[in-house]
Amino acid sequence: MLRLLDSWDDKPAFVMNHLLDVLAQNSLFAALQEGLEHTDNIMRFAFLNPAVRELWVDWEAQARLRVAHLRAAAGADCSPTLLELVEELSDASEDFRRMWAHHDVCTDAGASMCVHHPDAGDLTLRYQAFSVDCAPGQRLIVFQTDPGSPSERALAKLAGLRHRQSSKSGKQGVPWELHDLDEVGQVEVAGHPATGWT
């Protein structure tokens with residue numbers, strides 16, 4: 001999986017679990033959210049980070065989709081960790097409480113979203129979710145732009161900016177990022193199985 005993320009230098013991509021924890025991401029996905037807080041979990045990112053309302057042009061619609069996904073996850077497996085996340089978000093966000101009370105359910109297999117990035121400008125991103133068969137409950141999310149569109153040029157601009165930043169910091173050989181090495185199994189890195197990452 002890491003090598004797959006590594007190969008996509010023109011497509012933002014990440015892996016998440018049923019709690020919408022970001023388990024792994026490539027550098028272009030990280031660049032879309034650079035400088036913002038709570039990037040390790042999509043739900044906290046959406047509701048506990050005021051700046052995301054400027055990043056996501058259609059914030060209300062996107063936030064509703066995320067809540068509906070979490071509601072679907074709760075119906076399938078209402079774990080203590082999920083309940084703690086719902087309680088945390090309910091205490092901190094009136095918007096989350098309002099959306100959660102609607103009881104909408106959606107697995108959000110794919111759609112599009114509009115992003116206003118402070119450096120790259122406006123982008124319309126289409127995304128598709130793929131199940132990770134070797135790790136039940138995990139999904140790979142891949143974003144694309146329409147060929148020849150202003151969004152494609154904006155994404156290329158963002159990729160160029162990220163590459164120059166990585167070159168200055170000496171990280172140009174590591175285009176993917178890992179978080180807590182604790183949760184994902186059956187991943188192969190350079191031919192060797194890894195115990196997991198979050």
# chains A, B, ... in the order shown; residues from 1 in each chain; ligands from 1
>>> closest_atom_pairs(of="region 115-171 of chain A", to="region 47-57 of chain A", cutoff="8 Å", atoms="only C-alpha atoms", output="JSON lines")
{"residue": "A:Val115", "atom": "CA", "partner": "A:Trp56", "partner_atom": "CA", "distance": 4.8}
{"residue": "A:His116", "atom": "CA", "partner": "A:Leu55", "partner_atom": "CA", "distance": 4.9}
{"residue": "A:His117", "atom": "CA", "partner": "A:Leu55", "partner_atom": "CA", "distance": 6.0}
>>> write_last_selection(atoms="C-alpha atoms", output="PDB file, in the first residue's frame")
ATOM      1  CA  VAL A 115     -11.501  23.149  -2.342  1.00  0.00           C
ATOM      2  CA  HIS A 116     -10.115  26.668  -2.025  1.00  0.00           C
ATOM      3  CA  HIS A 117      -6.421  26.296  -1.281  1.00  0.00           C
TER       4      HIS A 117
END
>>> closest_atom_pairs(of="region 5-110 of chain A", to="region 162-167 of chain A", cutoff="10 Å", atoms="only C-alpha atoms", output="CSV")
residue,atom,partner,partner_atom,distance
A:Asp9,CA,A:His163,CA,9.4
A:Ser27,CA,A:Arg162,CA,7.4
A:Leu28,CA,A:Arg162,CA,7.2
A:Ala30,CA,A:Arg162,CA,9.1
A:Ala31,CA,A:Arg162,CA,6.5
A:Leu32,CA,A:Arg162,CA,9.7
A:Glu34,CA,A:Arg162,CA,9.8
>>> closest_residue(among="A:Leu19, A:Leu140, A:Leu36, A:Thr145", to="Val86 (chain A)", atoms="only C-alpha atoms")
A:Leu19
>>> closest_residue(among="A:Asp133, A:Asp58, A:Asp21, A:Glu152", to="Asn41 (chain A)", atoms="only C-alpha atoms")
A:Asp21
>>> select_by_dssp(residues="region 50-182 of chain A", states="strand (DSSP E)", output="list in words")
Gly110, Ala111, Ser112, Met113, Cys114, Val115, His116, His117, Gly121, Asp122, Leu123, Thr124, Leu125, Arg126, Tyr127, Gln128, Ala129, Phe130, Ser131, Arg139, Leu140, Ile141, Val142, Phe143, Gln144, Trp176, Glu177 and Leu178 of chain A
>>> select_by_dssp(residues="region 25-184 of chain A", states="helix (DSSP H, G or I)", output="PyMOL selection string")
chain A and resi 27-32+42-47+52-55+59-76+80-92+94-100+150-169
>>> residues_around(residues="region 65-70 of chain A", least_positions_apart="3", cutoff="6 Å", atoms="only C-alpha atoms", output="number ranges by chain")
A: 62, 73, 104-107
>>> closest_residue(among="A:Gly137, A:Pro118, A:Asp6, A:Arg44", to="Phe29 (chain A)", atoms="only C-alpha atoms")
A:Asp6
>>> atom_distance(atom1="CA of Leu161 (chain A)", atom2="CA of Gly110 (chain A)")
27.2 Å
>>> residues_around(residues="Asp146 (chain A)", least_positions_apart="6", cutoff="9 Å", atoms="only C-alpha atoms", output="tab-separated table (two decimals) with C-alpha atoms, in the first residue's frame")
chain	number	residue	atom	x	y	z
A	124	THR	CA	-12.72	20.60	-8.01
A	125	LEU	CA	-11.64	17.14	-6.90
A	126	ARG	CA	-13.39	13.89	-7.71
A	152	GLU	CA	-5.57	19.93	-12.89
>>> residues_around(residues="Asp40 (chain A)", least_positions_apart="4", cutoff="8 Å", atoms="only C-alpha atoms", output="PyMOL selection string")
chain A and resi 21-23+45+179
>>> atom_distance(atom1="CA of Ala63 (chain A)", atom2="CA of Gly148 (chain A)")
28.7 Å
>>> atom_distance(atom1="CA of His18 (chain A)", atom2="CA of Arg71 (chain A)")
10.1 Å
>>> closest_residue(among="A:Leu83, A:Ala129, A:Met43, A:Ala24", to="Phe96 (chain A)", atoms="only C-alpha atoms")
A:Met43
>>> residues_around(residues="Leu155 (chain A)", least_positions_apart="5", cutoff="8 Å", atoms="only C-alpha atoms", output="list in words")
Asp10, Ala120, Leu123 and Thr145 of chain A
>>> residues_around(residues="Asp95 (chain A)", least_positions_apart="4", cutoff="10 Å", atoms="only C-alpha atoms", output="PDB file with N, CA and C atoms, in the first residue's frame")
ATOM      1  N   PHE A  47     -14.827  19.280  12.058  1.00  0.00           N
ATOM      2  CA  PHE A  47     -15.659  19.965  13.047  1.00  0.00           C
ATOM      3  C   PHE A  47     -14.892  20.727  14.123  1.00  0.00           C
ATOM      4  N   GLU A  60     -20.756  22.437   4.401  1.00  0.00           N
ATOM      5  CA  GLU A  60     -21.952  21.836   4.978  1.00  0.00           C
ATOM      6  C   GLU A  60     -22.248  20.474   4.352  1.00  0.00           C
ATOM      7  N   ALA A  63     -19.441  17.970   5.287  1.00  0.00           N
ATOM      8  CA  ALA A  63     -19.519  17.583   6.692  1.00  0.00           C
ATOM      9  C   ALA A  63     -20.672  16.604   6.921  1.00  0.00           C
ATOM     10  N   ARG A  64     -21.797  16.830   6.259  1.00  0.00           N
ATOM     11  CA  ARG A  64     -22.932  15.906   6.388  1.00  0.00           C
ATOM     12  C   ARG A  64     -22.562  14.507   5.892  1.00  0.00           C
ATOM     13  N   LEU A  89     -16.940  14.943  19.826  1.00  0.00           N
ATOM     14  CA  LEU A  89     -17.428  15.876  18.808  1.00  0.00           C
ATOM     15  C   LEU A  89     -18.733  16.535  19.241  1.00  0.00           C
ATOM     16  N   SER A  90     -19.581  15.785  19.924  1.00  0.00           N
ATOM     17  CA  SER A  90     -20.851  16.337  20.405  1.00  0.00           C
ATOM     18  C   SER A  90     -20.620  17.433  21.435  1.00  0.00           C
ATOM     19  N   MET A  99     -26.103  17.636  12.984  1.00  0.00           N
ATOM     20  CA  MET A  99     -26.053  16.670  11.881  1.00  0.00           C
ATOM     21  C   MET A  99     -26.217  15.237  12.380  1.00  0.00           C
ATOM     22  N   TRP A 100     -25.623  14.937  13.532  1.00  0.00           N
ATOM     23  CA  TRP A 100     -25.729  13.594  14.098  1.00  0.00           C
ATOM     24  C   TRP A 100     -27.178  13.257  14.434  1.00  0.00           C
ATOM     25  N   ALA A 101     -27.926  14.251  14.847  1.00  0.00           N
ATOM     26  CA  ALA A 101     -29.327  14.037  15.226  1.00  0.00           C
ATOM     27  C   ALA A 101     -30.219  13.707  14.037  1.00  0.00           C
TER      28      ALA A 101
END
>>> closest_residue(among="A:Leu85, A:Met16, A:Ala92, A:Ala159", to="Ala135 (chain A)", atoms="only C-alpha atoms")
A:Met16
